[in-house]
Structures are given as structure tokens and as C-alpha cells.
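For reference, coords_25.cif (mmCIF, C-alpha atoms and all ligand atoms):
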```cif
data_query
loop_
_atom_site.label_atom_id
_atom_site.label_comp_id
_atom_site.auth_asym_id
_atom_site.auth_seq_id
_atom_site.Cartn_x
_atom_site.Cartn_y
_atom_site.Cartn_z
CA MET A 232 -10.11 -3.19 24.10
CA LYS A 233 -11.56 -0.58 21.73
CA VAL A 234 -9.82 0.09 18.43
CA LEU A 235 -10.32 3.02 16.05
CA ILE A 236 -9.24 2.57 12.42
CA VAL A 237 -8.68 5.66 10.28
CA GLY A 238 -9.54 5.28 6.59
CA GLY A 239 -12.30 3.87 4.46
CA GLY A 240 -10.94 1.74 1.62
CA GLY A 241 -10.33 -1.93 0.90
CA ARG A 242 -7.13 -1.87 2.93
CA GLU A 243 -8.98 -0.57 5.99
CA HIS A 244 -11.71 -3.19 5.53
CA ALA A 245 -9.04 -5.91 5.55
CA ILE A 246 -7.37 -4.37 8.62
CA ALA A 247 -10.73 -4.05 10.42
CA TRP A 248 -11.59 -7.65 9.55
CA LYS A 249 -8.26 -8.94 10.89
CA VAL A 250 -8.52 -6.76 14.02
CA SER A 251 -12.00 -8.22 14.60
CA LYS A 252 -10.40 -11.69 14.84
CA SER A 253 -8.28 -10.66 17.82
CA PRO A 254 -9.55 -11.93 21.17
CA LEU A 255 -8.14 -8.71 22.67
CA VAL A 256 -10.73 -6.58 20.87
CA ASP A 257 -14.37 -6.06 21.79
CA LYS A 258 -15.26 -2.90 19.85
CA ILE A 259 -14.07 -1.42 16.55
CA TYR A 260 -14.75 2.08 15.26
CA CYS A 261 -13.78 3.22 11.79
CA ALA A 262 -13.57 6.79 10.48
CA PRO A 263 -15.01 7.26 7.95
CA GLY A 264 -15.30 3.56 6.93
CA ASN A 265 -17.56 2.19 4.19
CA ALA A 266 -20.56 -0.14 3.79
CA GLY A 267 -18.48 -3.31 4.23
CA ILE A 268 -16.58 -2.05 7.25
CA ALA A 269 -19.95 -1.08 8.78
CA GLN A 270 -20.78 -4.80 9.04
CA ILE A 271 -17.98 -5.35 11.57
CA ALA A 272 -17.34 -1.88 13.01
CA GLU A 273 -19.19 1.26 14.00
CA CYS A 274 -18.45 3.83 11.30
CA VAL A 275 -18.15 7.46 12.35
CA SER A 276 -18.28 10.25 9.82
CA ILE A 277 -15.07 12.06 10.65
CA GLY A 278 -12.62 12.66 7.81
CA ALA A 279 -9.14 11.15 7.97
CA MET A 280 -7.53 14.63 7.96
CA GLU A 281 -9.58 15.95 10.89
CA PHE A 282 -6.93 15.11 13.46
CA ASP A 283 -8.40 17.02 16.40
CA ALA A 284 -11.90 15.66 15.82
CA LEU A 285 -10.48 12.13 15.60
CA ALA A 286 -8.47 12.59 18.78
CA ASP A 287 -11.55 14.04 20.53
CA PHE A 288 -13.50 10.97 19.45
CA ALA A 289 -10.78 8.59 20.67
CA GLN A 290 -10.72 10.39 24.02
CA THR A 291 -14.47 10.56 24.61
CA HIS A 292 -15.04 6.95 23.50
CA ASP A 293 -12.16 5.50 25.54
CA VAL A 294 -10.41 4.14 22.45
CA ASP A 295 -7.37 2.10 23.53
CA LEU A 296 -5.62 1.99 20.16
CA THR A 297 -5.93 3.97 16.92
CA VAL A 298 -4.59 2.46 13.69
CA VAL A 299 -3.97 4.75 10.72
CA GLY A 300 -4.31 3.10 7.32
CA MET A 301 -3.77 6.02 4.95
CA ASP A 302 -0.70 7.94 3.80
CA ASP A 303 -2.09 11.51 3.86
CA PRO A 304 -2.87 11.65 7.59
CA LEU A 305 0.42 9.93 8.45
CA CYS A 306 2.46 12.39 6.40
CA GLY A 307 0.32 15.20 7.80
CA GLY A 308 1.23 14.32 11.40
CA ILE A 309 -1.82 12.54 12.82
CA VAL A 310 0.41 10.36 15.01
CA ASP A 311 2.14 13.43 16.47
CA VAL A 312 -1.27 14.94 17.36
CA PHE A 313 -2.45 11.73 19.05
CA GLU A 314 0.80 11.21 20.94
CA LYS A 315 0.81 14.80 22.23
CA ARG A 316 -2.61 14.11 23.69
CA GLY A 317 -1.43 10.89 25.33
CA LEU A 318 -3.41 8.65 22.98
CA ARG A 319 -2.08 5.29 21.85
CA VAL A 320 -1.66 5.16 18.08
CA PHE A 321 -0.06 2.85 15.51
CA GLY A 322 1.89 4.44 12.65
CA PRO A 323 4.98 6.58 12.05
CA ARG A 324 5.20 10.22 13.09
CA ALA A 325 5.37 12.83 10.32
CA ASP A 326 9.17 13.03 10.51
CA ALA A 327 9.35 9.29 9.69
CA ALA A 328 6.37 9.09 7.29
CA ILE A 329 8.45 11.38 5.07
CA ILE A 330 9.96 8.14 3.76
CA GLU A 331 6.76 7.98 1.70
CA GLY A 332 5.99 11.71 1.55
CA SER A 333 9.20 12.76 -0.21
CA LYS A 334 10.88 10.65 -2.85
CA ALA A 335 13.87 13.03 -2.81
CA PHE A 336 14.31 12.49 0.95
CA THR A 337 14.21 8.73 0.51
CA LYS A 338 16.62 8.65 -2.41
CA ASP A 339 19.11 10.77 -0.43
CA LEU A 340 18.71 8.50 2.59
CA LEU A 341 19.30 5.36 0.52
CA LYS A 342 22.37 6.88 -1.10
CA LYS A 343 23.84 8.06 2.21
CA TYR A 344 23.46 4.61 3.80
CA HIS A 345 24.43 2.59 0.71
CA ILE A 346 21.05 0.87 0.39
CA PRO A 347 20.51 -0.42 -3.17
CA THR A 348 18.26 1.70 -5.40
CA ALA A 349 18.28 3.15 -8.93
CA ALA A 350 20.80 5.93 -9.68
CA TYR A 351 19.10 9.35 -9.64
CA GLU A 352 19.28 13.13 -9.57
CA THR A 353 16.94 15.57 -7.80
CA PHE A 354 15.74 18.84 -9.37
CA ASP A 355 13.75 21.84 -8.22
CA ASP A 356 14.42 23.83 -11.37
CA PRO A 357 12.72 22.55 -14.56
CA GLN A 358 15.42 24.12 -16.79
CA LYS A 359 18.14 22.10 -15.04
CA ALA A 360 16.04 18.96 -15.39
CA LEU A 361 15.66 19.57 -19.12
CA THR A 362 19.39 20.13 -19.55
CA TYR A 363 20.16 16.94 -17.64
CA LEU A 364 17.81 14.94 -19.88
CA GLN A 365 19.71 15.91 -23.05
CA THR A 366 22.51 13.48 -22.23
CA ALA A 367 20.53 10.93 -20.17
CA LYS A 368 19.94 7.34 -21.24
CA MET A 369 16.38 6.36 -22.27
CA PRO A 370 14.03 4.97 -21.04
CA ILE A 371 14.11 7.12 -17.93
CA VAL A 372 11.81 7.55 -14.94
CA LEU A 373 10.41 10.89 -13.70
CA LYS A 374 8.89 11.09 -10.22
CA ALA A 375 7.05 13.98 -8.59
CA ASP A 376 8.61 14.37 -5.14
CA GLY A 377 5.45 14.39 -3.01
CA LEU A 378 2.30 12.30 -2.50
CA ALA A 379 0.37 11.84 -5.75
CA LEU A 380 -2.00 8.92 -5.11
CA GLY A 381 0.60 6.54 -6.57
CA LYS A 382 0.29 8.33 -9.91
CA GLY A 383 3.20 10.78 -9.91
CA VAL A 384 5.59 8.46 -11.76
CA LEU A 385 6.22 8.72 -15.52
CA ILE A 386 8.23 6.16 -17.47
CA CYS A 387 9.55 7.88 -20.57
CA ASN A 388 10.88 6.03 -23.60
CA THR A 389 12.10 9.02 -25.60
CA LEU A 390 13.72 12.36 -24.90
CA GLN A 391 10.58 14.11 -26.14
CA GLU A 392 8.36 12.16 -23.72
CA ALA A 393 10.74 12.98 -20.88
CA MET A 394 10.76 16.69 -21.76
CA ASP A 395 6.96 16.70 -21.89
CA GLY A 396 6.97 14.89 -18.53
CA VAL A 397 9.08 17.57 -16.86
CA LYS A 398 6.61 20.14 -18.12
CA GLU A 399 3.62 18.15 -16.81
CA ILE A 400 5.11 17.63 -13.38
CA MET A 401 6.96 20.89 -12.69
CA GLN A 402 5.27 23.50 -14.88
CA ASP A 403 1.68 22.36 -15.47
CA ARG A 404 1.64 20.96 -11.90
CA LYS A 405 -0.38 17.92 -12.95
CA PHE A 406 0.22 16.43 -9.49
CA GLY A 407 -0.09 19.76 -7.65
CA ALA A 408 2.50 20.70 -5.04
CA ALA A 409 3.92 17.15 -5.26
CA GLY A 410 5.71 18.48 -8.36
CA ASN A 411 7.67 21.29 -6.66
CA ARG A 412 10.62 18.96 -6.81
CA MET A 413 11.31 16.00 -9.00
CA VAL A 414 13.48 12.91 -8.99
CA ILE A 415 14.83 11.63 -12.31
CA GLU A 416 16.07 8.07 -12.05
CA GLU A 417 17.52 5.20 -13.98
CA PHE A 418 15.01 2.76 -15.49
CA MET A 419 15.28 -0.70 -13.92
CA THR A 420 13.99 -4.01 -15.23
CA GLY A 421 13.00 -7.10 -13.28
CA ARG A 422 10.16 -8.54 -11.20
CA GLU A 423 8.40 -6.18 -8.83
CA VAL A 424 7.48 -7.26 -5.33
CA SER A 425 5.87 -5.55 -2.35
CA VAL A 426 6.98 -6.48 1.15
CA LEU A 427 5.17 -5.01 4.14
CA CYS A 428 7.23 -5.01 7.34
CA PHE A 429 6.36 -4.31 10.97
CA SER A 430 8.84 -2.10 12.77
CA ASP A 431 9.12 -0.80 16.32
CA GLY A 432 11.95 1.57 15.39
CA LYS A 433 14.71 -0.98 16.10
CA THR A 434 13.49 -4.41 15.04
CA VAL A 435 11.95 -5.05 11.65
CA VAL A 436 9.80 -8.08 10.79
CA PRO A 437 8.78 -8.65 7.16
CA MET A 438 5.41 -10.16 6.32
CA THR A 439 4.84 -12.53 3.43
CA SER A 440 5.39 -10.97 -0.02
CA ALA A 441 2.83 -9.79 -2.57
CA GLN A 442 2.69 -8.36 -6.06
CA ASP A 443 0.41 -5.57 -7.25
CA HIS A 444 -0.84 -4.73 -10.76
CA LYS A 445 -0.83 -0.96 -11.04
CA ARG A 446 -1.97 -0.38 -14.61
CA ALA A 447 -5.67 -0.21 -15.45
CA GLY A 448 -5.67 -2.59 -18.41
CA ASP A 449 -4.82 -6.21 -19.20
CA GLY A 450 -1.20 -6.78 -20.16
CA ASP A 451 -0.11 -3.82 -18.00
CA THR A 452 -1.53 -1.28 -20.41
CA GLY A 453 -3.38 1.96 -19.70
CA LEU A 454 -3.05 4.43 -16.87
CA ASN A 455 -1.59 3.85 -13.44
CA THR A 456 -4.21 3.18 -10.76
CA GLY A 457 -4.17 2.64 -7.02
CA GLY A 458 -3.85 -1.11 -7.81
CA MET A 459 -6.08 -3.50 -9.77
CA GLY A 460 -5.23 -6.76 -8.03
CA THR A 461 -2.60 -8.66 -6.10
CA PHE A 462 -1.29 -12.10 -5.35
CA SER A 463 0.66 -13.49 -2.41
CA PRO A 464 3.25 -14.84 -2.02
CA SER A 465 5.46 -13.81 -4.95
CA PRO A 466 7.06 -16.99 -6.33
CA PHE A 467 10.12 -14.93 -7.26
CA TYR A 468 10.75 -13.68 -3.73
CA THR A 469 12.51 -16.67 -2.20
CA ASP A 470 13.62 -17.13 1.42
CA GLU A 471 17.20 -16.38 0.29
CA ILE A 472 16.11 -13.09 -1.26
CA ASN A 473 14.17 -12.25 1.91
CA ASP A 474 17.29 -12.88 4.02
CA TRP A 475 19.34 -10.71 1.68
CA CYS A 476 16.76 -7.90 1.84
CA MET A 477 16.67 -8.12 5.65
CA GLU A 478 20.42 -7.59 5.78
CA HIS A 479 20.84 -5.06 2.98
CA ILE A 480 17.53 -3.18 2.81
CA TYR A 481 15.00 -3.49 5.67
CA GLN A 482 17.26 -3.42 8.73
CA PRO A 483 19.65 -0.80 7.27
CA THR A 484 16.66 1.45 6.43
CA ILE A 485 15.18 1.20 9.94
CA ASP A 486 18.66 1.82 11.42
CA ALA A 487 19.23 4.77 9.07
CA MET A 488 15.94 6.37 10.07
CA ARG A 489 16.84 6.01 13.76
CA GLN A 490 20.28 7.52 13.15
CA GLU A 491 18.65 10.45 11.39
CA GLY A 492 16.49 11.03 14.48
CA ARG A 493 13.40 9.82 12.63
CA GLU A 494 12.54 6.59 14.47
CA PHE A 495 10.20 4.59 12.22
CA LYS A 496 7.40 2.78 14.06
CA GLY A 497 4.64 1.30 11.95
CA ILE A 498 4.45 -0.46 8.61
CA LEU A 499 7.43 -0.03 6.32
CA PHE A 500 6.22 -1.02 2.86
CA ALA A 501 9.13 -1.81 0.56
CA GLY A 502 8.43 -1.67 -3.17
CA LEU A 503 11.31 -3.65 -4.68
CA MET A 504 12.58 -4.48 -8.14
CA LEU A 505 14.37 -7.83 -8.34
CA THR A 506 17.03 -6.85 -10.90
CA ASP A 507 19.90 -8.89 -12.34
CA GLU A 508 22.15 -7.07 -9.90
CA GLY A 509 19.94 -8.01 -6.95
CA PRO A 510 16.92 -6.43 -5.25
CA LYS A 511 16.72 -2.62 -5.37
CA VAL A 512 14.30 -0.20 -3.72
CA LEU A 513 11.68 1.35 -6.03
CA GLU A 514 9.95 3.18 -3.23
CA PHE A 515 8.98 3.02 0.40
CA ASN A 516 5.53 3.62 1.80
CA ALA A 517 4.76 4.27 5.45
CA ARG A 518 1.60 2.14 5.67
CA PHE A 519 -0.07 -1.05 4.51
CA GLY A 520 -0.48 -1.45 0.73
CA ASP A 521 -3.83 -1.35 -1.00
CA PRO A 522 -4.64 -4.00 -2.35
CA GLU A 523 -1.59 -5.90 -0.95
CA THR A 524 -3.22 -5.97 2.49
CA GLN A 525 -6.22 -7.81 1.04
CA VAL A 526 -4.00 -10.82 0.20
CA VAL A 527 -1.50 -10.62 3.06
CA LEU A 528 -3.81 -10.36 6.08
CA PRO A 529 -6.12 -13.28 5.15
CA ARG A 530 -2.97 -15.46 5.20
CA MET A 531 -1.69 -14.16 8.54
CA LYS A 532 -1.97 -16.59 11.45
CA SER A 533 -0.67 -14.22 14.12
CA ASP A 534 -2.80 -11.71 16.04
CA LEU A 535 -2.50 -8.38 14.22
CA VAL A 536 -3.38 -6.34 17.32
CA GLU A 537 -0.56 -8.00 19.27
CA MET A 538 1.83 -7.01 16.46
CA PHE A 539 0.59 -3.39 16.57
CA GLU A 540 1.08 -3.30 20.34
CA ALA A 541 4.60 -4.73 20.07
CA CYS A 542 5.54 -2.04 17.50
CA ILE A 543 4.29 0.72 19.80
CA ASP A 544 5.93 -0.77 22.92
CA GLY A 545 9.27 -1.58 21.26
CA THR A 546 8.96 -5.32 21.95
CA LEU A 547 8.82 -6.62 18.39
CA ASP A 548 11.95 -8.72 18.96
CA GLN A 549 9.86 -10.94 21.25
CA LYS A 550 7.16 -11.62 18.66
CA LYS A 551 6.86 -14.46 16.21
CA LEU A 552 4.99 -13.67 13.01
CA GLU A 553 3.38 -16.59 11.18
CA PHE A 554 1.58 -17.05 7.88
CA GLU A 555 -0.41 -19.91 6.43
CA ASP A 556 1.41 -22.08 3.92
CA ASN A 557 -0.95 -21.25 1.05
CA ALA A 558 -1.66 -18.48 -1.43
CA ALA A 559 -4.19 -15.71 -2.03
CA VAL A 560 -5.27 -13.65 -5.03
CA CYS A 561 -7.28 -10.41 -4.97
CA VAL A 562 -9.12 -9.13 -8.04
CA VAL A 563 -10.29 -5.53 -7.80
CA LEU A 564 -13.75 -4.84 -9.18
CA ALA A 565 -13.79 -1.24 -10.36
CA SER A 566 -16.22 1.16 -11.99
CA ASP A 567 -15.73 1.29 -15.76
CA GLY A 568 -13.75 4.43 -16.59
CA TYR A 569 -11.55 4.33 -13.46
CA PRO A 570 -9.06 5.99 -12.92
CA VAL A 571 -10.33 8.87 -15.06
CA SER A 572 -14.10 9.29 -14.71
CA TYR A 573 -16.88 6.90 -13.81
CA GLU A 574 -20.47 6.82 -12.58
CA LYS A 575 -21.48 5.84 -9.05
CA GLY A 576 -24.64 4.72 -7.29
CA PHE A 577 -25.26 1.29 -8.91
CA VAL A 578 -26.70 -1.47 -6.73
CA ILE A 579 -24.29 -4.35 -6.01
CA SER A 580 -25.46 -7.96 -5.66
CA GLY A 581 -23.83 -11.29 -4.83
CA PHE A 582 -22.31 -10.66 -1.39
CA ASP A 583 -24.09 -13.64 0.19
CA LYS A 584 -21.93 -16.16 -1.71
CA PHE A 585 -18.74 -15.22 0.17
CA HIS A 586 -17.83 -17.41 3.14
CA GLU A 587 -14.49 -16.82 4.77
CA ASP A 588 -14.37 -20.31 6.26
CA GLU A 589 -14.21 -21.47 2.62
CA GLY A 590 -11.46 -18.94 1.84
CA TYR A 591 -13.51 -16.23 0.07
CA TYR A 592 -13.51 -12.59 1.14
CA CYS A 593 -15.18 -9.53 -0.31
CA PHE A 594 -13.41 -6.39 0.91
CA HIS A 595 -15.25 -3.15 0.24
CA ALA A 596 -13.40 -0.12 -1.13
CA GLY A 597 -15.85 2.38 -2.68
CA THR A 598 -19.29 1.33 -1.43
CA LYS A 599 -22.16 3.02 0.36
CA LYS A 600 -25.31 1.76 2.05
CA THR A 601 -28.57 3.29 0.77
CA ASP A 602 -32.30 2.49 0.85
CA LYS A 603 -31.78 0.47 -2.36
CA GLY A 604 -29.04 -1.62 -0.79
CA ILE A 605 -25.26 -1.35 -1.06
CA VAL A 606 -24.24 0.77 -4.07
CA THR A 607 -21.00 1.63 -5.86
CA ASN A 608 -19.39 4.77 -4.49
CA GLY A 609 -15.89 5.00 -5.97
CA GLY A 610 -13.45 3.96 -8.68
CA ARG A 611 -12.26 0.85 -6.93
CA VAL A 612 -15.46 -0.73 -5.59
CA LEU A 613 -14.55 -4.13 -4.13
CA GLY A 614 -11.55 -6.39 -3.67
CA VAL A 615 -12.49 -10.03 -4.15
CA THR A 616 -9.93 -12.23 -2.41
CA ALA A 617 -9.73 -16.01 -2.53
CA LYS A 618 -7.26 -18.39 -0.96
CA GLY A 619 -6.07 -21.73 -2.25
CA PRO A 620 -3.37 -24.28 -1.51
CA ASP A 621 -1.21 -22.69 -4.23
CA LEU A 622 -1.23 -19.61 -6.47
CA LEU A 623 -2.89 -21.34 -9.41
CA SER A 624 -5.88 -22.52 -7.41
CA ALA A 625 -6.13 -19.22 -5.51
CA ARG A 626 -6.28 -17.39 -8.83
CA ALA A 627 -8.94 -19.72 -10.23
CA ASN A 628 -10.97 -19.27 -7.04
CA ALA A 629 -10.63 -15.47 -7.14
CA TYR A 630 -11.85 -15.26 -10.74
CA LYS A 631 -14.74 -17.59 -9.94
CA ALA A 632 -15.73 -15.37 -7.00
CA ALA A 633 -15.37 -12.21 -9.10
CA GLN A 634 -18.30 -13.54 -11.17
CA TRP A 635 -20.55 -13.83 -8.10
CA ILE A 636 -20.67 -10.04 -7.82
CA ASP A 637 -22.75 -7.99 -10.17
CA PHE A 638 -23.17 -4.24 -10.65
CA LYS A 639 -23.61 -1.95 -13.64
CA ASN A 640 -20.32 -0.85 -15.26
CA LYS A 641 -18.32 -3.51 -13.41
CA TYR A 642 -14.73 -3.55 -14.69
CA MET A 643 -11.77 -5.77 -13.81
CA ARG A 644 -8.47 -6.95 -15.20
CA HIS A 645 -8.50 -10.54 -16.43
CA ASP A 646 -4.80 -11.25 -15.98
CA ILE A 647 -4.15 -10.69 -12.28
CA GLY A 648 -1.39 -13.11 -11.35
CA ARG A 649 -0.26 -13.84 -14.90
CA ALA A 650 3.32 -13.82 -13.57
CA ILE A 651 2.38 -17.03 -11.77
CA ASP A 652 2.52 -18.84 -15.13
CA GLU A 653 6.07 -17.65 -15.67
CA ALA A 654 7.34 -18.82 -12.27
P1 LIG B 701 6.65 4.05 -7.40
O1 LIG B 701 5.42 4.84 -6.99
O2 LIG B 701 7.92 4.78 -7.16
O3 LIG B 701 6.63 2.65 -6.89
O4 LIG B 701 6.49 3.86 -8.97
C1 LIG B 701 5.31 3.34 -9.55
C2 LIG B 701 5.66 2.28 -10.55
O5 LIG B 701 6.51 2.80 -11.55
C3 LIG B 701 6.45 1.13 -9.93
O6 LIG B 701 5.59 0.18 -9.39
C4 LIG B 701 7.20 0.60 -11.14
O7 LIG B 701 6.38 -0.23 -11.93
C5 LIG B 701 7.48 1.84 -11.94
N1 LIG B 701 8.83 2.35 -11.61
C6 LIG B 701 9.16 3.25 -10.66
N2 LIG B 701 10.48 3.49 -10.64
C7 LIG B 701 11.02 2.73 -11.62
C8 LIG B 701 12.35 2.53 -12.11
N3 LIG B 701 13.38 3.20 -11.61
N4 LIG B 701 12.51 1.66 -13.13
C9 LIG B 701 11.46 1.01 -13.65
N5 LIG B 701 10.19 1.15 -13.25
C10 LIG B 701 9.96 2.00 -12.24
N1 LIG B 702 -0.57 -0.97 -3.91
C1 LIG B 702 0.33 0.09 -3.86
C2 LIG B 702 0.14 1.01 -2.74
O1 LIG B 702 -0.59 0.75 -1.80
O2 LIG B 702 0.76 2.07 -2.74
#
```

Do you think you could lay out the structure here as C-alpha cells?
Ligand code: AMP
Ligand code: GLY
Amino acid sequence: MKVLIVGGGGREHAIAWKVSKSPLVDKIYCAPGNAGIAQIAECVSIGAMEFDALADFAQTHDVDLTVVGMDDPLCGGIVDVFEKRGLRVFGPRADAAIIEGSKAFTKDLLKKYHIPTAAYETFDDPQKALTYLQTAKMPIVLKADGLALGKGVLICNTLQEAMDGVKEIMQDRKFGAAGNRMVIEEFMTGREVSVLCFSDGKTVVPMTSAQDHKRAGDGDTGLNTGGMGTFSPSPFYTDEINDWCMEHIYQPTIDAMRQEGREFKGILFAGLMLTDEGPKVLEFNARFGDPETQVVLPRMKSDLVEMFEACIDGTLDQKKLEFEDNAAVCVVLASDGYPVSYEKGFVISGFDKFHEDEGYYCFHAGTKKTDKGIVTNGGRVLGVTAKGPDLLSARANAYKAAQWIDFKNKYMRHDIGRAIDEA
């Protein structure tokens, strides 16, 4: 079969790589893709928001299955456009992707169905938000309602910071229209974990767990980024916790969405905080995580395309999902200055040292092929993933492999997986 993947980051490279392992697949297209994806797929220069052009391409090239990696097209209704044209597509429709697209929607859903999450209030008037803050307990968390590249969340330690935050989000519109509404919620403490789940709208099947590192600097300092590195599995997310989350979070959420007439088919990404009172939902996303995917998929034994098909066909209850009994760590190599400003166009060397049969993977995020070779073309440039029998050896392998790659202004965190030492 022919598969079209929509997106062009490290997550889509990992998805394309895993799709390429399926015996069901003989051709992969990716729109728009990147220089790494181009080594295993035919990249087509159609933007992820050009729904009609993508659907035209899928139709004229006899694409059997389209997989959408990114949040913007999902929230914008790409799946609805494809389905209306009779094209097979993996991902939630817009009315279900709202679970990522609106934090206020999701908080209301969780409250209505008694699914554990931080206490909160929603505001569309900045004056009311400011009044509420006067008596609120600090620290407190401010969240722009809409999509903000994972950056629309402010953790405020003082009343002054929180008041400035309301101004940034709702008045200065730092995150654009995402700040028309705002959620103010209780600050939670605990271990964070990301769990990606397959769902066909009725059945939900969690994958192995992972943990991201969102801040730019070592020791979780600096600005929030798209993610600077991951490890899998999380040693804190035990089988017992997984069972508890199945019963109290994942299945109730999928059931709630169905009851609301918003059947959720696709990847439900649960961002959880493991608090003293038990796991609570930080956020949901409607897609694979980036860079969680880069540590989860290399450990997956099952055929990813079969899982996609089962989600679309509503037969997920008949599928068994299996992972290797090992660990993986991904270190993101970024351009110095990310996430604020950075230069592009530097030649990258060292790719030839990566051999996946030895457990080393180099997933491309922001790269481009030129006459000079493959060059940097974004803030996050590469995701270097290594496997190992356990987290400690996977981490050592990943940092060894991160040295194989060289480019000007290369930047990385040096403490990805430091939680492993505390486990
Ligand atoms: P989100 O995009 O909602 O996952 O938020 C981004 C990051 O902000 C999360 O990964 C957490 O580290 C932090 N965060 C969000 N909500 C809370 C909360 N209620 N308490 C503590 N930290 C939070
Ligand atoms: N790694 C976090 C995300 O994909 O949103």
C-alpha cells in the first residue's frame, strides 16, 4: 500500500521510519518532509495546511492511507476534508482534536466526567482574571486556551508575575488568538510522564511511557521549547499506575468524547503529573509527541500500520500491542539560540556512524538537502536516539552518539534523563 505522512519534523521522520518497516507498505510520500525523511520517502512540497492540495495529491497518487503528524492540520479539520472526499486518513476529526486545540474545552470535559486534573477557572475577560488572582494561592499556572506551539503556559510564583502573565496572554496577545480565553489552574507537583495511546473511538490502548524535557537549559532552566530530549520508559510509571490510568483517565476520556458526540480516533497523548494524590491530567494532545515518538517507536515491536488501520476500522480490541523490554533515550541537537533566534544553513556531518541494527537512530527535524550536503534548517535540527538494555546504558549510548554529529552552533542539553538517577 501507499502511505502519505503529513508533517516534516523529527516526529514525522520517526513515524515514516516505522511505517517503512511494515510489510504492508511499498511506497511512502511525505508532505513536506525533510532531508532525513527524503531518504526513506518521496517528499512533496505541499504545506500541511493545504488540505485540498493534499487530498488532490492523495487521490491522484492512489494513496491508501494518510497519517497526520501535526496538531495544526488536525485542529483545522484535515481529517474532515479527507473523509468527505472518501480518502482513508488516520487522526481525529476537528471536533475531537479540540481536546488539544482548547484547554478550556478539555478542562470542562474532565470536570464534567470526574477525570482527575488540577482545579481551575476559565476567563475571557482579563479584568475578571486579575480580580480572581488577588485571592489565589501562589504559585499558579496560566494557560492560553488555544494552540501555542507548546509555549502558552506560564508558571507564576508571585501575584505580580501572574498579573503580568494575564497581560501578556490576554492583552498583549503574545500567543495570538490562542489568548482570547485563558485557563488559570492550581500548580501541581510530581513527576511528569507522557503516555501516547491508540484509540478507535471505543477502545484505547496505551503505548509505553516516556518523559520529555521542555525547558531549553540544563536543570530545567530557560524558556519552554518544543522538547529537548526524552527517555522511555519512565521508571516512575509502573504497571499499577498504568492500570489505574486506564480505568480513571484514558478509558473515561475516550468514553466522554464519544458521549459528547466527538468520537476520538487517533493518538490520544496524555500529559500526566504523578502527584501525591495520584496521577492527574496536565494536558491532552491529539497526536504523537515530539520528541516522545523518537523514543517510543524504536521500541515498538508491533506493526504501526496495522495499528493505524485498526483505529480507523474500529477493531483495536482485536490488536495486541508489544514493546521491546529495553529503554531508549533521545537527545535533541538544536541550533544555538533556539527557541528565540538562531542561524541556519550549516553543514551537518557524522550521519554515517548511525546503524539502527546497533540501536542508533538519527531522526531529522530541521534539515535541508543542498549542493553542500545536508544543512541545518530549523531550531531543533536532529533527534539522536539510542537504545540500551536499561535506561542508564541507553542514556550513555545517546550521549556518545550525540558526539558523532557535528555542525556549527550545535546546542544540546547535557542532563536528558537525569530523573533516571533518582528512580
Ligand atoms: P502543558 O502544555 O499544559 O502540558 O504545560 C506545559 C508544561 O507546564 C507542563 O509540561 C508542565 O511542566 C507545566 N505545567 C502545566 N500545568 C501545570 C500545573 N497545573 N502544575 C504544574 N506544572 C504545570
Ligand atoms: N513533547 C511534547 C509535545 O509533543 O507536545

key: Gap from atom N1 of ligand LIG 702 (chain B) to CA of Ile647 in chain A - Å, one decimal   =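 Between atom N1 of ligand LIG 702 (chain B) and CA of Ile647 in chain A the gap is 13.3 Å.
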
query = Taking all atoms listed in the file into account, which residues are within 6 Å of ligand LIG 701 (chain B), as a ChimeraX atom specification?
reply = /A:349,372,381,384,416-420,502,513-514

inquiry  = Taking all atoms listed in the file into account, which residues have an atom no farther than 9 Å from ligand LIG 702 (chain B)? I'd like them as number ranges by chain.
reply    = A: 242, 302, 380-381, 425, 442-445, 456-461, 500, 502, 515-516, 518-524

Atomic separation - CA of Leu385 in chain A relative to CA of Ala408 in chain A, Å =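 Computed distance, CA of Ala408 in chain A to CA of Leu385 in chain A, equals 16.3 Å.
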
query = Looking at A:Lys405, A:Glu537, A:Asp303, A:Gly377, which one is nearest to Leu255 in chain A, with distances taken over all atoms listed in the file?
reply =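 Residue with the minimum atom-to-atom distance to Leu255 in chain A: A:Glu537.
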
message = Just the number, please: distance in Å from CA of Glu587 in chain A to CA of Pro254 in chain A, one decimal.
response =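 About the pair CA of Glu587 in chain A and CA of Pro254 in chain A: they are 17.8 Å apart.
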
query = Got a sec: who's within 9 Å of range 595-605 of chain A, counting only C-alpha atoms, leaving out chain neighbours fewer than 2 positions off, as a ChimeraX atom specification?
reply = /A:239-245,265-268,565,576-580,593,607-615

query = Within 9 Å of Asn411 in chain A, counting all atoms listed in the file, which residues qualify if same-chain residues fewer than 6 places away don't, as a list in words?
reply =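 Using all atoms listed in the file, the neighbours found are Phe354, Asp355, Asp356, Ala375, Asp376, Gly377, Ile400, Met401, Gln402 and Arg404 of chain A.
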
For those residues, write C-alpha atoms to a file as a PDB file, in the coordinates of the input.
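Full text of result.pdb as output:
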```
ATOM      1  CA  PHE A 354      15.740  18.840  -9.370  1.00  0.00           C
ATOM      2  CA  ASP A 355      13.750  21.840  -8.220  1.00  0.00           C
ATOM      3  CA  ASP A 356      14.420  23.830 -11.370  1.00  0.00           C
ATOM      4  CA  ALA A 375       7.050  13.980  -8.590  1.00  0.00           C
ATOM      5  CA  ASP A 376       8.610  14.370  -5.140  1.00  0.00           C
ATOM      6  CA  GLY A 377       5.450  14.390  -3.010  1.00  0.00           C
ATOM      7  CA  ILE A 400       5.110  17.630 -13.380  1.00  0.00           C
ATOM      8  CA  MET A 401       6.960  20.890 -12.690  1.00  0.00           C
ATOM      9  CA  GLN A 402       5.270  23.500 -14.880  1.00  0.00           C
ATOM     10  CA  ARG A 404       1.640  20.960 -11.900  1.00  0.00           C
TER      11      ARG A 404
END
```

Which neighbours of range 328-330 of chain A fall inside 7 Å, counting all atoms listed in the file, when residues of the same chain fewer than 4 positions from it are skipped, and could you give them as a compact mmCIF listing (two decimals) with C-alpha atoms, keeping the file's coordinate frame?
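Printed below is selection.txt as written:
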```
# COMPACT_ATOMS: atom_id res chain seq x y z
CA LEU A 305 0.42 9.93 8.45
CA CYS A 306 2.46 12.39 6.40
CA PRO A 323 4.98 6.58 12.05
CA ARG A 324 5.20 10.22 13.09
CA PHE A 336 14.31 12.49 0.95
CA THR A 337 14.21 8.73 0.51
CA PHE A 515 8.98 3.02 0.40
CA ASN A 516 5.53 3.62 1.80
CA ALA A 517 4.76 4.27 5.45
```

Please give the centre and size of the box around range 507-522 of chain A (axis-aligned, containing every atom listed in the file, 4 Å added per side), with values in Å to one decimal and written as JSON.
```
{"center_x": 8.8, "center_y": -2.3, "center_z": -3.3, "size_x": 34.8, "size_y": 21.2, "size_z": 26.0}
```

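Of the listed residues A:Met413, A:Gly407, A:Ala335, A:Asp470, the one whose atoms come nearest to Gln358 in chain A is A:Met413, with distances taken using all atoms listed in the file.
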